[in-house]
$ cat query-v8.cif   # mmCIF, C-alpha atoms and all ligand atoms
data_structure
#
loop_
_atom_site.label_atom_id
_atom_site.label_comp_id
_atom_site.auth_asym_id
_atom_site.auth_seq_id
_atom_site.Cartn_x
_atom_site.Cartn_y
_atom_site.Cartn_z
CA MET D 1 24.44 -21.09 -5.61
CA ASN D 2 22.60 -19.00 -8.18
CA LEU D 3 20.83 -16.13 -6.45
CA PRO D 4 18.22 -14.29 -8.53
CA GLU D 5 19.01 -10.65 -9.23
CA TYR D 6 17.02 -8.20 -7.15
CA PRO D 7 16.94 -4.40 -7.56
CA SER D 8 19.29 -2.67 -5.09
CA ALA D 9 16.30 -0.72 -3.78
CA PHE D 10 15.02 -3.96 -2.21
CA LEU D 11 18.04 -4.24 0.06
CA GLN D 12 17.62 -0.68 1.29
CA LEU D 13 13.91 -1.26 1.95
CA ALA D 14 14.65 -4.43 3.91
CA ASP D 15 17.37 -2.72 5.99
CA GLU D 16 15.12 0.23 6.89
CA LEU D 17 12.21 -2.06 7.66
CA ALA D 18 14.30 -4.20 10.01
CA GLU D 19 15.66 -1.16 11.79
CA HIS D 20 12.58 1.09 12.02
CA GLY D 21 9.49 -1.05 11.34
CA TRP D 22 8.76 0.98 8.22
CA ALA D 23 10.56 1.96 5.03
CA GLN D 24 10.02 4.02 1.91
CA CYS D 25 11.48 4.05 -1.58
CA HIS D 26 11.07 6.82 -4.17
CA ASN D 27 10.83 5.88 -7.85
CA PHE D 28 10.15 2.27 -6.94
CA LEU D 29 8.85 1.53 -10.46
CA PRO D 30 9.64 2.98 -13.91
CA GLN D 31 7.78 6.29 -14.38
CA SER D 32 5.94 5.02 -17.45
CA LEU D 33 4.45 2.09 -15.50
CA THR D 34 3.47 4.39 -12.61
CA ALA D 35 1.73 6.72 -15.09
CA GLN D 36 -0.11 3.79 -16.70
CA LEU D 37 -1.32 2.62 -13.29
CA ALA D 38 -2.61 6.11 -12.46
CA GLU D 39 -4.44 6.27 -15.78
CA GLU D 40 -5.94 2.86 -15.17
CA CYS D 41 -7.15 3.87 -11.72
CA ARG D 42 -8.88 6.94 -13.20
CA ARG D 43 -10.38 4.89 -16.04
CA ARG D 44 -11.78 2.31 -13.62
CA ASP D 45 -13.28 5.13 -11.59
CA LYS D 46 -14.96 6.65 -14.66
CA GLN D 47 -16.34 3.21 -15.52
CA GLY D 48 -17.90 3.06 -12.07
CA LEU D 49 -15.77 0.08 -10.98
CA LEU D 50 -14.53 1.66 -7.73
CA ALA D 51 -16.83 1.27 -4.73
CA PRO D 52 -16.87 2.84 -1.24
CA ALA D 53 -14.39 0.88 0.88
CA GLY D 54 -15.51 -1.04 3.95
CA THR D 55 -13.79 -1.63 7.26
CA GLY D 56 -13.71 -4.88 9.22
CA ARG D 57 -13.94 -8.37 7.85
CA GLY D 58 -16.46 -11.15 7.34
CA ASP D 59 -19.76 -10.40 9.11
CA ALA D 60 -18.24 -7.22 10.55
CA LEU D 61 -17.43 -5.75 7.11
CA ALA D 62 -19.34 -2.51 6.60
CA VAL D 63 -18.96 0.87 4.94
CA ARG D 64 -18.36 3.45 7.70
CA GLU D 65 -18.06 6.83 6.04
CA GLY D 66 -16.99 8.47 9.29
CA VAL D 67 -13.95 6.18 9.38
CA ARG D 68 -12.74 6.09 5.78
CA SER D 69 -14.05 7.67 2.59
CA ASP D 70 -11.93 6.20 -0.21
CA HIS D 71 -13.23 4.19 -3.16
CA ILE D 72 -11.50 0.93 -4.08
CA GLN D 73 -11.31 -1.96 -6.50
CA TRP D 74 -9.37 -5.16 -5.77
CA LEU D 75 -6.69 -6.28 -8.24
CA GLU D 76 -6.87 -9.67 -9.84
CA ALA D 77 -4.35 -11.35 -12.14
CA GLY D 78 -5.12 -10.80 -15.82
CA GLN D 79 -6.94 -7.44 -15.52
CA SER D 80 -4.34 -5.50 -17.54
CA ALA D 81 -0.68 -5.54 -18.57
CA ALA D 82 0.07 -2.68 -16.15
CA THR D 83 -1.53 -4.30 -13.10
CA ASP D 84 0.06 -7.68 -13.94
CA SER D 85 3.43 -5.96 -14.13
CA TYR D 86 2.78 -4.26 -10.77
CA LEU D 87 1.84 -7.61 -9.19
CA ALA D 88 5.01 -9.21 -10.64
CA HIS D 89 7.20 -6.49 -9.05
CA LEU D 90 5.49 -6.91 -5.69
CA ASP D 91 5.83 -10.68 -5.90
CA ASN D 92 9.53 -10.26 -6.54
CA LEU D 93 9.74 -8.04 -3.44
CA ARG D 94 7.79 -10.67 -1.48
CA ARG D 95 10.35 -13.35 -2.37
CA PHE D 96 13.21 -11.04 -1.45
CA LEU D 97 11.67 -10.20 1.93
CA ASN D 98 11.17 -13.89 2.62
CA GLN D 99 14.84 -14.58 1.90
CA SER D 100 15.89 -11.66 4.11
CA PHE D 101 13.60 -12.24 7.08
CA TYR D 102 12.16 -15.76 6.82
CA LEU D 103 8.73 -14.17 7.13
CA GLY D 104 6.93 -16.89 5.18
CA LEU D 105 4.93 -14.34 3.20
CA GLU D 106 2.59 -16.34 0.99
CA ASP D 107 0.80 -13.77 -1.11
CA TYR D 108 0.04 -10.12 -1.74
CA GLU D 109 -3.50 -8.75 -1.89
CA SER D 110 -4.00 -5.28 -3.29
CA HIS D 111 -6.58 -2.72 -4.40
CA PHE D 112 -6.68 0.57 -6.24
CA ALA D 113 -7.78 3.37 -3.91
CA LEU D 114 -9.12 6.77 -4.90
CA TYR D 115 -9.61 9.42 -2.23
CA PRO D 116 -11.85 12.19 -3.64
CA PRO D 117 -11.10 15.72 -2.36
CA GLY D 118 -12.09 15.86 1.32
CA ALA D 119 -11.55 12.12 1.90
CA PHE D 120 -9.53 10.59 4.75
CA TYR D 121 -8.97 7.37 6.69
CA LEU D 122 -8.92 7.71 10.48
CA ARG D 123 -6.15 6.21 12.60
CA HIS D 124 -6.12 2.39 12.47
CA LEU D 125 -4.08 -0.81 12.32
CA ASP D 126 -4.24 -2.93 9.15
CA ARG D 127 -4.29 -6.30 10.88
CA PHE D 128 -7.78 -7.62 11.63
CA ARG D 129 -8.66 -8.69 15.16
CA ASP D 130 -9.68 -12.20 14.04
CA ASP D 131 -7.19 -12.79 11.22
CA ASP D 132 -3.44 -12.40 11.70
CA ARG D 133 -2.32 -13.07 8.13
CA ARG D 134 -1.58 -9.46 7.15
CA THR D 135 2.10 -8.98 7.99
CA LEU D 136 3.44 -6.08 5.93
CA SER D 137 1.42 -3.23 4.46
CA ALA D 138 2.66 -1.86 1.12
CA VAL D 139 1.26 1.33 -0.40
CA PHE D 140 2.33 2.59 -3.82
CA TYR D 141 1.38 6.17 -4.73
CA LEU D 142 0.32 7.42 -8.16
CA ASN D 143 0.11 11.25 -7.86
CA PRO D 144 2.63 13.35 -9.83
CA GLN D 145 3.76 16.62 -8.26
CA TRP D 146 1.97 16.28 -4.97
CA ASP D 147 2.13 19.57 -3.09
CA PRO D 148 2.15 19.60 0.74
CA ALA D 149 -0.72 22.10 0.43
CA ASP D 150 -2.76 19.23 -1.09
CA GLY D 151 -2.78 17.53 2.35
CA GLY D 152 -3.42 13.78 2.20
CA ALA D 153 -0.24 12.63 3.96
CA LEU D 154 0.03 9.11 5.30
CA ARG D 155 0.77 9.73 8.99
CA LEU D 156 2.63 6.92 10.76
CA TYR D 157 2.59 6.76 14.57
CA LEU D 158 5.97 5.26 15.46
CA ALA D 159 7.68 4.74 18.79
CA SER D 160 10.00 7.59 17.75
CA GLY D 161 7.06 9.94 17.02
CA GLU D 162 4.76 10.90 14.17
CA LEU D 163 6.01 10.83 10.63
CA ASP D 164 4.28 11.98 7.43
CA VAL D 165 4.77 10.40 3.99
CA TRP D 166 3.57 12.32 0.92
CA PRO D 167 1.63 10.29 -1.66
CA GLU D 168 3.99 11.28 -4.49
CA ALA D 169 3.92 9.18 -7.67
CA GLY D 170 6.52 6.40 -7.54
CA THR D 171 6.86 6.24 -3.74
CA LEU D 172 6.41 2.85 -2.10
CA VAL D 173 5.95 2.70 1.66
CA LEU D 174 6.16 -0.50 3.71
CA PHE D 175 5.29 -0.96 7.39
CA ARG D 176 4.44 -3.71 9.85
CA SER D 177 0.69 -4.30 9.70
CA ALA D 178 0.26 -5.51 13.28
CA ASP D 179 1.82 -2.62 15.15
CA VAL D 180 2.15 0.56 13.09
CA LEU D 181 -0.86 2.80 13.73
CA HIS D 182 -1.46 5.14 10.82
CA GLU D 183 -4.00 7.43 9.20
CA VAL D 184 -4.63 9.24 5.93
CA LEU D 185 -5.05 12.97 6.52
CA VAL D 186 -7.73 14.89 4.62
CA ASN D 187 -6.69 15.54 1.03
CA ARG D 188 -7.66 18.57 -1.05
CA ARG D 189 -6.85 16.99 -4.40
CA GLU D 190 -7.83 13.57 -5.76
CA ARG D 191 -5.39 11.02 -4.31
CA LEU D 192 -4.64 7.72 -6.07
CA SER D 193 -2.77 4.68 -4.79
CA LEU D 194 -2.38 0.93 -4.87
CA THR D 195 -2.67 -0.36 -1.33
CA GLY D 196 -1.91 -3.93 -0.36
CA TRP D 197 -0.76 -6.47 2.16
CA PHE D 198 1.83 -9.23 2.19
CA ARG D 199 0.21 -12.10 4.05
CA ARG D 200 1.56 -15.19 5.71
CA ARG D 201 -0.25 -18.43 6.33
CA GLY D 202 -2.98 -18.11 8.98
CA ASP D 203 -2.91 -19.98 12.30
C1 LIG I 301 -5.26 1.59 4.09
C2 LIG I 301 -4.32 2.72 4.34
C3 LIG I 301 -2.77 4.34 3.47
C4 LIG I 301 -2.57 5.29 2.34
O1 LIG I 301 -5.85 1.52 2.99
O2 LIG I 301 -5.41 0.75 5.00
O3 LIG I 301 -3.96 2.91 5.47
O4 LIG I 301 -1.62 6.08 2.41
N1 LIG I 301 -3.85 3.45 3.29
O5 LIG I 301 -3.34 5.26 1.38
MN MN I 302 -4.17 1.15 6.64
#

$ encode --input "query-v8.cif" --output "structure tokens" --more "lines below"
Ligand code: OGA
Ligand code: MN
Amino acid sequence: MNLPEYPSAFLQLADELAEHGWAQCHNFLPQSLTAQLAEECRRRDKQGLLAPAGTGRGDALAVREGVRSDHIQWLEAGQSAATDSYLAHLDNLRRFLNQSFYLGLEDYESHFALYPPGAFYLRHLDRFRDDDRRTLSAVFYLNPQWDPADGGALRLYLASGELDVWPEAGTLVLFRSADVLHEVLVNRRERLSLTGWFRRRGD
């Protein structure tokens, strides 16, 4: 049988995810691509394409500034070479995770997120109450030389305790959408990311 070649980082991510319910990988993408994605996020912001993010879904979707204060724009195929390349890498990871876990992940939805200084996202779960398709959350960070003094950690609430991930450029973090509570702590410096969800078919 001819198995496609996957980066070795995928195997490590899958192992950690199976064991702990979350995983992270530093330098997930080539630095040049990560830098292009950061530049694109800033350019879209300057063009006024990023909008205050909502919470909830369908009729319940609303902007609640006391809950989250990031600005987002959803990715679509064909927007740029850099975002298409990002989506291709994540689709490759999706196929690998399906082979490893038989998760039946069908697609990946993703948006740029910009947290201005002072922004945050209070503790929450990523899976909606009335839609169980979101299975794995995947966040890719775009901030070179993040300093712990800049705040803005992603705090995961795991059975083993709290754990902070710094939003350093090149880091990808994966966690189970249905049961990993998490929050984004207040940041003191602009914080850029691509946040997304691997989804399976709905019931
Ligand atoms: C989200 C989220 C985490 C992060 O957008 O749902 O939890 O670190 N983001 O940006
Ligand atoms: Mn979240």

$ residues_around --input "query-v8.cif" --residues "region 59-68 of chain D" --least-positions-apart "5" --cutoff "12 Å" --atoms "all atoms listed in the file" --output "list of chain:residue names"
D:Ala51, D:Pro52, D:Ala53, D:Gly54, D:Ala113, D:Leu114, D:Tyr115, D:Pro116, D:Gly118, D:Ala119, D:Phe120, D:Tyr121, D:Leu122, D:Arg123, D:His124, D:Phe128, D:Arg129, D:Asp130, D:Glu183, D:Val184, D:Leu185, D:Val186

$ residues_around --input "query-v8.cif" --residues "Thr34 (chain D)" --least-positions-apart "4" --cutoff "7 Å" --atoms "only C-alpha atoms" --output "PyMOL selection string"
chain D and resi 29-30+38+142+169-170

$ closest_residue --input "query-v8.cif" --among "D:Glu106, D:Asp70, D:Asp131, D:Asp84" --to "ligand LIG 301 (chain I)" --atoms "all atoms listed in the file"
D:Asp70

$ residues_near_ligand --input "query-v8.cif" --ligand "ligand LIG 301 (chain I)" --cutoff "10 Å" --atoms "all atoms listed in the file" --output "PyMOL selection string"
chain D and resi 53+55+68+70-72+110-115+120-127+137-141+152-156+164-167+172-173+177+181-185+191-197

$ atom_distance --input "query-v8.cif" --atom1 "CA of Gln79 (chain D)" --atom2 "CA of Glu40 (chain D)"
10.4 Å

$ atom_distance --input "query-v8.cif" --atom1 "CA of Glu168 (chain D)" --atom2 "CA of Asn27 (chain D)"
9.3 Å

$ axis_aligned_box --input "query-v8.cif" --around "region 117-124 of chain D" --padding-each-side "8 Å" --output "lines of an AutoDock Vina configuration file"
center_x = -9.1
center_y = 9.1
center_z = 5.1
size_x = 22.0
size_y = 29.5
size_z = 31.0

$ atom_distance --input "query-v8.cif" --atom1 "CA of Val180 (chain D)" --atom2 "CA of Ala18 (chain D)"
13.4 Å

$ closest_residue --input "query-v8.cif" --among "D:Leu37, D:Leu87, D:Ala159, D:Leu136" --to "Ala178 (chain D)" --atoms "all atoms listed in the file"
D:Leu136

$ closest_residue --input "query-v8.cif" --among "D:Ala82, D:Asp203, D:Phe175, D:Leu105" --to "ligand MN 302 (chain I)" --atoms "only C-alpha atoms and all ligand atoms"
D:Phe175

$ closest_residue --input "query-v8.cif" --among "D:Thr135, D:Asn187, D:Asn92, D:Gln145" --to "ligand MN 302 (chain I)" --atoms "only C-alpha atoms and all ligand atoms"
D:Thr135

$ closest_residue --input "query-v8.cif" --among "D:Ala23, D:Ala35, D:Asp15, D:Tyr157" --to "ligand MN 302 (chain I)" --atoms "all atoms listed in the file"
D:Tyr157

$ closest_residue --input "query-v8.cif" --among "D:Pro117, D:Gly56, D:Tyr86, D:Pro144" --to "ligand MN 302 (chain I)" --atoms "all atoms listed in the file"
D:Gly56
